[in-house]
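structure_6.csv follows; it contains CSV, C-alpha atoms.
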```csv
chain,number,residue,atom,x,y,z
J,1,MET,CA,-18.8,0.1,-34.1
J,2,LYS,CA,-21.1,-1.9,-31.8
J,3,LYS,CA,-22.4,0.2,-28.9
J,4,ASN,CA,-22.3,-2.7,-26.4
J,5,ILE,CA,-18.5,-3.0,-26.4
J,6,ASP,CA,-17.3,-2.5,-22.9
J,7,THR,CA,-14.2,-1.9,-20.8
J,8,GLU,CA,-13.5,-5.6,-20.7
J,9,GLU,CA,-12.8,-5.7,-24.4
J,10,ALA,CA,-10.6,-2.6,-24.1
J,11,MET,CA,-8.6,-4.4,-21.4
J,12,ILE,CA,-8.1,-7.5,-23.6
J,13,ARG,CA,-6.7,-5.3,-26.3
J,14,TRP,CA,-4.3,-3.5,-23.9
J,15,ASP,CA,-3.1,-6.8,-22.6
J,16,SER,CA,-2.2,-7.8,-26.1
J,17,PHE,CA,-0.5,-4.4,-26.8
J,18,ALA,CA,1.3,-4.2,-23.4
J,19,GLU,CA,4.8,-5.3,-24.6
J,20,SER,CA,4.9,-2.9,-27.6
J,21,TYR,CA,3.4,-0.1,-25.5
J,22,ALA,CA,6.0,-0.5,-22.8
J,23,ALA,CA,8.8,-0.7,-25.4
J,24,ASN,CA,7.9,2.9,-26.4
J,25,HIS,CA,8.2,4.2,-22.8
J,26,SER,CA,11.3,5.5,-21.1
J,27,ASP,CA,11.7,6.8,-17.5
J,28,GLN,CA,9.6,9.8,-18.6
J,29,GLY,CA,7.0,7.8,-20.6
J,30,ASP,CA,6.7,8.6,-24.3
J,31,ALA,CA,7.6,11.9,-26.0
J,32,HIS,CA,4.0,13.4,-25.6
J,33,LYS,CA,4.1,12.6,-21.9
J,34,GLU,CA,7.5,14.0,-21.4
J,35,VAL,CA,6.8,17.2,-23.3
J,36,LEU,CA,3.2,17.9,-22.4
J,37,LEU,CA,1.6,15.8,-19.7
J,38,ASN,CA,4.2,15.1,-17.0
J,39,PRO,CA,4.9,18.8,-16.3
J,40,THR,CA,1.2,19.6,-16.3
J,41,LEU,CA,0.3,16.8,-14.0
J,42,PHE,CA,3.0,17.6,-11.5
J,43,SER,CA,2.1,21.3,-11.5
J,44,LEU,CA,-1.5,20.6,-10.7
J,45,MET,CA,-0.8,18.0,-8.0
J,46,GLY,CA,1.5,20.3,-6.1
J,47,THR,CA,3.7,18.8,-3.4
J,48,VAL,CA,3.5,15.0,-3.3
J,49,GLU,CA,6.2,14.3,-0.7
J,50,HIS,CA,4.8,12.0,2.0
J,51,LYS,CA,1.4,12.1,0.4
J,52,LYS,CA,-0.7,9.0,-0.2
J,53,VAL,CA,-1.1,8.9,-4.0
J,54,LEU,CA,-3.1,6.5,-6.2
J,55,ASP,CA,-1.9,6.2,-9.8
J,56,ALA,CA,-5.2,5.1,-11.3
J,57,GLY,CA,-4.4,3.3,-14.6
J,58,CYS,CA,-0.6,3.1,-14.2
J,59,GLY,CA,0.2,1.2,-17.4
J,60,GLU,CA,3.8,0.1,-17.3
J,61,GLY,CA,4.4,2.2,-14.2
J,62,TYR,CA,6.6,5.1,-15.4
J,63,PHE,CA,4.5,7.8,-13.6
J,64,SER,CA,4.3,5.7,-10.4
J,65,ARG,CA,8.1,5.6,-10.4
J,66,LEU,CA,8.3,9.4,-10.9
J,67,LEU,CA,5.9,9.8,-8.0
J,68,ALA,CA,8.0,7.5,-5.8
J,69,LYS,CA,11.2,9.5,-6.8
J,70,SER,CA,9.4,12.5,-5.4
J,71,ASP,CA,8.9,10.6,-2.1
J,72,ALA,CA,5.1,10.0,-2.5
J,73,ILE,CA,3.6,6.9,-0.9
J,74,VAL,CA,2.4,5.2,-4.1
J,75,THR,CA,-0.4,2.7,-4.8
J,76,ALA,CA,-0.9,1.9,-8.5
J,77,VAL,CA,-3.7,0.0,-10.3
J,78,ASP,CA,-4.2,-1.0,-13.9
J,79,TYR,CA,-6.9,-3.2,-15.5
J,80,SER,CA,-4.3,-5.0,-17.7
J,81,GLN,CA,-2.5,-7.8,-15.8
J,82,LYS,CA,0.3,-7.7,-18.4
J,83,MET,CA,0.9,-4.0,-17.6
J,84,ILE,CA,1.0,-4.7,-13.9
J,85,GLU,CA,3.6,-7.4,-14.5
J,86,LEU,CA,5.7,-5.0,-16.6
J,87,ALA,CA,5.4,-2.3,-14.0
J,88,LYS,CA,6.6,-4.6,-11.2
J,89,HIS,CA,9.5,-5.7,-13.4
J,90,ARG,CA,10.5,-2.2,-14.2
J,91,THR,CA,10.3,-0.9,-10.6
J,92,PRO,CA,13.5,-0.8,-8.6
J,93,ASP,CA,13.4,-2.6,-5.2
J,94,GLU,CA,14.0,0.6,-3.4
J,95,PHE,CA,10.6,1.9,-4.6
J,96,SER,CA,7.9,0.4,-2.3
J,97,ILE,CA,5.1,0.9,-4.8
J,98,LYS,CA,2.0,-1.3,-4.2
J,99,TYR,CA,0.7,-2.6,-7.5
J,100,TYR,CA,-2.8,-4.1,-8.0
J,101,GLN,CA,-4.6,-5.4,-11.0
J,102,GLY,CA,-8.0,-3.7,-11.1
J,103,ASN,CA,-10.5,-1.8,-13.2
J,104,CYS,CA,-10.9,1.9,-12.2
J,105,GLU,CA,-14.7,1.5,-12.5
J,106,ASP,CA,-14.6,-0.9,-9.5
J,107,LEU,CA,-11.8,-0.7,-7.0
J,108,HIS,CA,-13.7,-2.3,-4.1
J,109,PHE,CA,-10.5,-3.8,-2.7
J,110,LEU,CA,-9.3,-0.3,-1.7
J,111,VAL,CA,-10.8,1.3,1.4
J,112,ASP,CA,-12.7,4.6,1.5
J,113,SER,CA,-11.0,7.9,2.0
J,114,ARG,CA,-7.5,6.4,1.6
J,115,PHE,CA,-5.7,8.8,-0.7
J,116,ASP,CA,-4.6,12.5,-0.5
J,117,ILE,CA,-4.1,12.6,-4.3
J,118,ILE,CA,-5.4,10.5,-7.2
J,119,VAL,CA,-3.8,11.0,-10.6
J,120,SER,CA,-5.1,9.3,-13.7
J,121,ASN,CA,-3.0,9.8,-16.8
J,122,MET,CA,-4.7,9.1,-20.1
J,123,VAL,CA,-7.1,6.4,-18.7
J,124,MET,CA,-10.6,7.7,-18.5
J,125,GLN,CA,-11.1,7.6,-22.3
J,126,ASP,CA,-10.4,3.9,-22.1
J,127,LEU,CA,-13.3,3.2,-19.8
J,128,GLU,CA,-16.9,2.5,-21.0
J,129,ASN,CA,-18.5,3.7,-17.7
J,130,VAL,CA,-16.6,6.9,-16.7
J,131,GLU,CA,-19.3,7.8,-14.1
J,132,LYS,CA,-18.5,4.7,-12.1
J,133,ALA,CA,-14.8,5.5,-12.3
J,134,PHE,CA,-15.3,9.0,-11.2
J,135,ARG,CA,-17.4,7.8,-8.3
J,136,GLU,CA,-14.7,5.4,-7.2
J,137,MET,CA,-12.1,8.3,-7.3
J,138,TYR,CA,-14.4,10.4,-5.1
J,139,ARG,CA,-14.9,7.5,-2.7
J,140,LEU,CA,-11.2,6.8,-2.4
J,141,LEU,CA,-10.1,10.4,-1.7
J,142,VAL,CA,-9.9,12.0,1.7
J,143,ASP,CA,-12.1,15.0,2.3
J,144,GLY,CA,-10.4,17.9,0.6
J,145,GLY,CA,-8.3,15.5,-1.5
J,146,THR,CA,-7.1,16.2,-5.1
J,147,PHE,CA,-8.0,14.4,-8.2
J,148,VAL,CA,-6.0,15.2,-11.4
J,149,PHE,CA,-6.6,13.4,-14.6
J,150,SER,CA,-5.6,13.8,-18.3
J,151,ILE,CA,-7.5,12.7,-21.4
J,152,LEU,CA,-7.3,13.1,-25.1
J,153,HIS,CA,-9.0,16.5,-25.8
J,154,PRO,CA,-12.6,15.5,-26.6
J,155,CYS,CA,-13.1,18.7,-28.7
J,156,PHE,CA,-10.3,17.9,-31.1
J,157,VAL,CA,-9.7,14.1,-30.9
J,158,THR,CA,-12.9,12.6,-32.1
J,159,PRO,CA,-13.9,9.5,-34.0
J,160,GLU,CA,-13.3,11.3,-37.3
J,161,SER,CA,-10.4,13.7,-36.6
J,162,GLY,CA,-7.0,14.0,-38.2
J,163,TRP,CA,-4.7,16.1,-40.3
J,164,VAL,CA,-5.8,17.2,-43.8
J,165,LYS,CA,-2.7,17.3,-46.0
J,166,ASP,CA,-1.9,18.7,-49.5
J,167,ASP,CA,-0.6,16.7,-52.4
J,168,TYR,CA,2.9,17.0,-51.0
J,169,GLY,CA,2.1,15.8,-47.5
J,170,ASN,CA,2.1,19.2,-45.8
J,171,LYS,CA,-0.3,19.5,-43.0
J,172,LEU,CA,-3.0,22.1,-43.9
J,173,HIS,CA,-5.3,21.9,-40.9
J,174,TRP,CA,-6.7,19.6,-38.3
J,175,LYS,CA,-10.1,18.2,-39.1
J,176,VAL,CA,-12.7,17.5,-36.4
J,177,ASP,CA,-16.0,15.5,-37.0
J,178,GLN,CA,-18.5,13.5,-35.1
J,179,TYR,CA,-17.9,15.4,-31.9
J,180,PHE,CA,-21.4,14.8,-30.5
J,181,TYR,CA,-21.1,11.0,-31.0
J,182,GLU,CA,-20.7,9.4,-27.6
J,183,GLY,CA,-19.5,5.8,-27.6
J,184,VAL,CA,-16.7,3.5,-28.6
J,185,TYR,CA,-14.4,3.8,-31.6
J,186,GLU,CA,-11.0,2.4,-32.7
J,187,GLN,CA,-7.8,4.3,-32.9
J,188,ARG,CA,-4.6,3.0,-34.5
J,189,PHE,CA,-1.8,2.1,-32.1
J,190,GLY,CA,1.4,1.1,-33.9
J,191,ASP,CA,1.4,-0.4,-37.4
J,192,GLU,CA,-1.6,-2.7,-37.2
J,193,GLU,CA,-3.0,-2.7,-33.7
J,194,LYS,CA,-6.0,-0.7,-32.7
J,195,VAL,CA,-7.1,0.4,-29.2
J,196,LEU,CA,-10.6,1.1,-28.1
J,197,LEU,CA,-11.5,4.6,-27.0
J,198,PHE,CA,-14.8,5.8,-25.5
J,199,HIS,CA,-15.5,9.3,-26.8
J,200,ARG,CA,-17.7,11.7,-24.8
J,201,THR,CA,-18.3,15.4,-25.0
J,202,LEU,CA,-16.6,17.9,-22.7
J,203,THR,CA,-20.1,18.7,-21.3
J,204,THR,CA,-20.6,15.1,-20.3
J,205,TYR,CA,-17.2,14.9,-18.5
J,206,ILE,CA,-17.7,18.1,-16.6
J,207,ASN,CA,-21.4,17.7,-15.7
J,208,THR,CA,-20.7,14.1,-14.5
J,209,LEU,CA,-18.0,15.3,-12.2
J,210,PHE,CA,-20.2,18.0,-10.8
J,211,THR,CA,-23.1,15.5,-10.2
J,212,ILE,CA,-20.8,13.3,-8.2
J,213,GLY,CA,-19.7,16.3,-6.0
J,214,PHE,CA,-16.3,17.2,-7.3
J,215,ARG,CA,-15.3,20.9,-7.3
J,216,LEU,CA,-13.4,22.0,-10.4
J,217,GLU,CA,-10.3,24.0,-9.5
J,218,LYS,CA,-8.4,24.2,-12.8
J,219,ILE,CA,-8.2,23.1,-16.4
J,220,MET,CA,-5.1,23.1,-18.5
J,221,GLU,CA,-4.5,22.4,-22.2
J,222,PRO,CA,-0.8,21.6,-22.3
J,223,LYS,CA,1.6,23.3,-24.7
J,224,PRO,CA,5.3,22.6,-25.2
J,225,THR,CA,7.8,24.9,-23.5
J,226,GLN,CA,10.6,26.5,-25.5
J,227,ALA,CA,13.1,24.2,-23.7
J,228,MET,CA,11.1,21.1,-24.9
J,229,LEU,CA,10.9,22.5,-28.4
J,230,LYS,CA,14.6,22.6,-28.6
J,231,LYS,CA,14.7,18.9,-27.7
J,232,TYR,CA,11.7,18.0,-29.8
J,233,PRO,CA,11.2,20.5,-32.7
J,234,SER,CA,8.3,18.6,-34.2
J,235,PHE,CA,6.1,19.6,-31.3
J,236,GLU,CA,5.8,23.1,-32.8
J,237,GLU,CA,2.6,21.8,-34.4
J,238,ASP,CA,1.1,21.4,-31.0
J,239,PHE,CA,0.5,25.2,-31.0
J,240,ARG,CA,-2.0,24.6,-33.8
J,241,CYS,CA,-4.4,22.2,-31.9
J,242,ALA,CA,-4.7,20.9,-28.4
J,243,ASP,CA,-4.0,17.1,-28.0
J,244,PHE,CA,-4.9,16.9,-24.3
J,245,VAL,CA,-6.9,18.5,-21.6
J,246,VAL,CA,-6.0,18.1,-17.9
J,247,PHE,CA,-8.4,18.6,-14.9
J,248,LYS,CA,-7.7,19.4,-11.3
J,249,LEU,CA,-10.6,18.7,-8.9
J,250,LYS,CA,-11.2,18.7,-5.2
J,251,LYS,CA,-13.4,16.5,-3.1
```

As structure tokens:
Amino acid sequence: MKKNIDTEEAMIRWDSFAESYAANHSDQGDAHKEVLLNPTLFSLMGTVEHKKVLDAGCGEGYFSRLLAKSDAIVTAVDYSQKMIELAKHRTPDEFSIKYYQGNCEDLHFLVDSRFDIIVSNMVMQDLENVEKAFREMYRLLVDGGTFVFSILHPCFVTPESGWVKDDYGNKLHWKVDQYFYEGVYEQRFGDEEKVLLFHRTLTTYINTLFTIGFRLEKIMEPKPTQAMLKKYPSFEEDFRCADFVVFKLKK
């Protein structure tokens, strides 16, 4: 694909997918979020009660609502206006979540050192300029604040990755290719729609965070618990390859 495709184009696509994306989300998000991401994010954030939390890239708002249920003081942003409209519609009146339309690469309308915790759930791979986004997260955190974010695992989810199957459709192994390519590519979402993802190496992610000044505290590659496997047996295959990686950083 063309190298000059930017976050604005990704936003246009997410606007057009917003309804179908939201239709696939319950109170816990989709199955991958319920099984793998939500428990990991909450374990890394620690106590959120009475903390000022930014949900950076909130989508239809399910995680913002989970935070509000845990008595966090929640501000939520998303670059898709459609997503923000859906999030507001889905949020009960008793949750005083402040929603804003905004690109995480530039959140100038939010003041410096405002948040105790920033969480960004499956967003940074949707942004063309991740360094600008990380700098905004650093700016918005209080000193000693926590930044937790999840992404598709860049070592395994690449522009040319996927299951290799036998003639009967059995999954033999997960293929990875084009890992060192850094740039935009398309990934299928639903039957026909394709989202834009910006692939970068693990080295690029970590060194960019260090350059900005973040201190890495923990990395987790989520796996399903036995309790979740009883509910969703198909997630047994997630022991073969990591779909996601989640970072905890301190300012």

Practice task
Grab the CA of Leu54 in chain J to CA of Ala72 in chain J distance for me, in Å with one decimal place.
Solution key: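 Interatomic distance here is 9.7 Å.
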
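The gap separating CA of Thr7 in chain J from CA of Arg65 in chain J is 25.7 Å, in Å to one decimal.
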
Exercise for the section: Rank J:Asp177, J:Asp55, J:Glu34, J:Asp143 by their smallest atom-to-atom distance to Leu249 in chain J, using all atoms listed in the file, and report the top residue only. Expected result: J:Asp143

Practice task
For each of J:Leu152, J:Leu209, J:Val184, J:Met45, take the minimum atom-to-atom distance to Ala133 in chain J, counting only C-alpha atoms, then give the residue where this is smallest.
Solution key: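 Closest residue, counting only C-alpha atoms: J:Leu209.
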
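Of the residues under consideration (J:Ala68, J:Ile97, J:Val142, J:Met83), J:Met83 shows the shortest atom-to-atom contact distance to Ala23 in chain J when counting all atoms listed in the file.
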
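Counting only C-alpha atoms, the residue from J:Ala87, J:Leu67, J:Leu229, J:Leu41 that sits nearest to Ala22 in chain J is J:Ala87.
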
Handout entry: Contact residues around Cys241 in chain J with only C-alpha atoms at 12 Å, ignoring same-chain residues under 3 positions, as a count of residues only
Key = 23

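For the pair CA of Glu186 in chain J and CA of Ser26 in chain J, the separation is 25.3 Å.
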
Could you list, with a cut-off of 12 Å and counting only C-alpha atoms, the residues of range 203-248 of chain J near range 126-130 of chain J, each shown with its nearest atom pair and the distance in Å rounded to one decimal, rows sorted by chain and ascending number, as CSV?
```
residue,atom,partner,partner_atom,distance
J:Thr204,CA,J:Val130,CA,9.8
J:Tyr205,CA,J:Val130,CA,8.2
J:Ile206,CA,J:Val130,CA,11.3
J:Asn207,CA,J:Val130,CA,11.9
J:Thr208,CA,J:Val130,CA,8.6
J:Leu209,CA,J:Val130,CA,9.6
J:Ile212,CA,J:Val130,CA,11.4
```

Completion exercise
Thr211 in chain J proximity check over J:Arg135, J:Tyr179, J:Phe247, J:Lys52, using only C-alpha atoms: winner is J:Arg135

Exercise for the section: Identify, on the basis of all atoms listed in the file, every residue whose closest approach to Ile117 in chain J does not exceed 7 Å; exclude the query and any residue fewer than 5 positions from it along the same chain; express the result as a PyMOL selection string. Expected result: chain J and resi 52-54+141+145-147

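Using all atoms listed in the file, the shortest contact distance between Phe134 in chain J and any of J:Cys58, J:Lys251, J:Leu36, J:His25 is found at J:Lys251.
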
Practice task
Kindly extract all protein, DNA and RNA residues lying within 10 Å of the coordinates (0.7, 14.4, -17.1) given in the file, considering all atoms listed in the file, and supply them as a PyMOL selection string.
Solution key: chain J and resi 29+32-45+63+119-122+148-151+222+244-246

Writing all heavy atoms and nothing else, produce range 158-170 of chain J as a compact mmCIF listing (two decimals), in the first residue's frame.
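Output saved as decode_0.txt:
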```
# COMPACT_ATOMS: atom_id res chain seq x y z
N THR J 158 1.54 -9.62 11.62
CA THR J 158 2.31 -8.83 10.66
C THR J 158 1.51 -8.71 9.37
O THR J 158 0.46 -9.34 9.20
CB THR J 158 3.66 -9.51 10.37
OG1 THR J 158 3.41 -10.72 9.63
CG2 THR J 158 4.41 -9.84 11.66
N PRO J 159 1.99 -7.91 8.41
CA PRO J 159 1.25 -7.77 7.16
C PRO J 159 1.05 -9.07 6.38
O PRO J 159 0.20 -9.13 5.51
CB PRO J 159 2.11 -6.77 6.37
CG PRO J 159 2.80 -5.96 7.41
CD PRO J 159 3.09 -6.93 8.51
N GLU J 160 1.84 -10.09 6.67
CA GLU J 160 1.71 -11.37 5.95
C GLU J 160 1.66 -12.53 6.94
O GLU J 160 2.39 -13.50 6.82
CB GLU J 160 2.88 -11.55 4.97
CG GLU J 160 2.96 -10.50 3.87
CD GLU J 160 1.82 -10.61 2.88
OE1 GLU J 160 1.20 -11.69 2.80
OE2 GLU J 160 1.54 -9.61 2.18
N SER J 161 0.78 -12.43 7.92
CA SER J 161 0.65 -13.50 8.91
C SER J 161 -0.70 -14.18 8.78
O SER J 161 -1.64 -13.63 8.20
CB SER J 161 0.82 -12.94 10.33
OG SER J 161 -0.21 -12.01 10.63
N GLY J 162 -0.80 -15.39 9.31
CA GLY J 162 -2.07 -16.11 9.29
C GLY J 162 -1.87 -17.60 9.45
O GLY J 162 -0.75 -18.11 9.40
N TRP J 163 -2.96 -18.32 9.66
CA TRP J 163 -2.89 -19.75 9.84
C TRP J 163 -2.58 -20.47 8.53
O TRP J 163 -3.15 -20.13 7.48
CB TRP J 163 -4.20 -20.30 10.39
CG TRP J 163 -4.44 -19.99 11.84
CD1 TRP J 163 -5.32 -19.09 12.36
CD2 TRP J 163 -3.78 -20.58 12.96
NE1 TRP J 163 -5.26 -19.08 13.72
CE2 TRP J 163 -4.31 -19.99 14.13
CE3 TRP J 163 -2.79 -21.56 13.09
CZ2 TRP J 163 -3.89 -20.34 15.40
CZ3 TRP J 163 -2.37 -21.91 14.36
CH2 TRP J 163 -2.92 -21.31 15.50
N VAL J 164 -1.71 -21.43 8.58
CA VAL J 164 -1.49 -22.37 7.49
C VAL J 164 -2.30 -23.62 7.80
O VAL J 164 -2.18 -24.20 8.88
CB VAL J 164 0.00 -22.72 7.33
CG1 VAL J 164 0.19 -23.79 6.26
CG2 VAL J 164 0.81 -21.47 6.99
N LYS J 165 -3.16 -24.03 6.85
CA LYS J 165 -4.08 -25.14 7.10
C LYS J 165 -3.82 -26.29 6.14
O LYS J 165 -3.29 -26.09 5.04
CB LYS J 165 -5.53 -24.66 6.94
CG LYS J 165 -5.91 -23.53 7.88
CD LYS J 165 -7.33 -23.07 7.66
CE LYS J 165 -7.69 -21.90 8.58
NZ LYS J 165 -9.08 -21.43 8.36
N ASP J 166 -4.22 -27.49 6.55
CA ASP J 166 -4.11 -28.64 5.66
C ASP J 166 -5.34 -28.70 4.74
O ASP J 166 -6.21 -27.82 4.79
CB ASP J 166 -3.90 -29.94 6.44
CG ASP J 166 -5.10 -30.31 7.31
OD1 ASP J 166 -6.22 -29.79 7.08
OD2 ASP J 166 -4.93 -31.15 8.21
N ASP J 167 -5.42 -29.73 3.95
CA ASP J 167 -6.50 -29.85 2.98
C ASP J 167 -7.87 -30.00 3.63
O ASP J 167 -8.90 -29.81 2.96
CB ASP J 167 -6.25 -31.05 2.06
CG ASP J 167 -5.03 -30.87 1.17
OD1 ASP J 167 -4.63 -29.70 0.98
OD2 ASP J 167 -4.49 -31.88 0.69
N TYR J 168 -7.89 -30.32 4.92
CA TYR J 168 -9.15 -30.51 5.62
C TYR J 168 -9.52 -29.29 6.48
O TYR J 168 -10.50 -29.32 7.23
CB TYR J 168 -9.08 -31.75 6.50
CG TYR J 168 -8.79 -33.00 5.71
CD1 TYR J 168 -7.48 -33.51 5.65
CD2 TYR J 168 -9.78 -33.66 5.01
CE1 TYR J 168 -7.19 -34.64 4.92
CE2 TYR J 168 -9.50 -34.80 4.27
CZ TYR J 168 -8.21 -35.29 4.22
OH TYR J 168 -7.93 -36.40 3.48
N GLY J 169 -8.71 -28.23 6.38
CA GLY J 169 -8.98 -27.02 7.15
C GLY J 169 -8.42 -27.01 8.55
O GLY J 169 -8.67 -26.07 9.31
N ASN J 170 -7.64 -28.03 8.92
CA ASN J 170 -7.02 -28.06 10.24
C ASN J 170 -5.86 -27.06 10.29
O ASN J 170 -5.07 -26.97 9.35
CB ASN J 170 -6.50 -29.46 10.56
CG ASN J 170 -7.61 -30.49 10.60
OD1 ASN J 170 -8.61 -30.30 11.27
ND2 ASN J 170 -7.44 -31.57 9.85
```
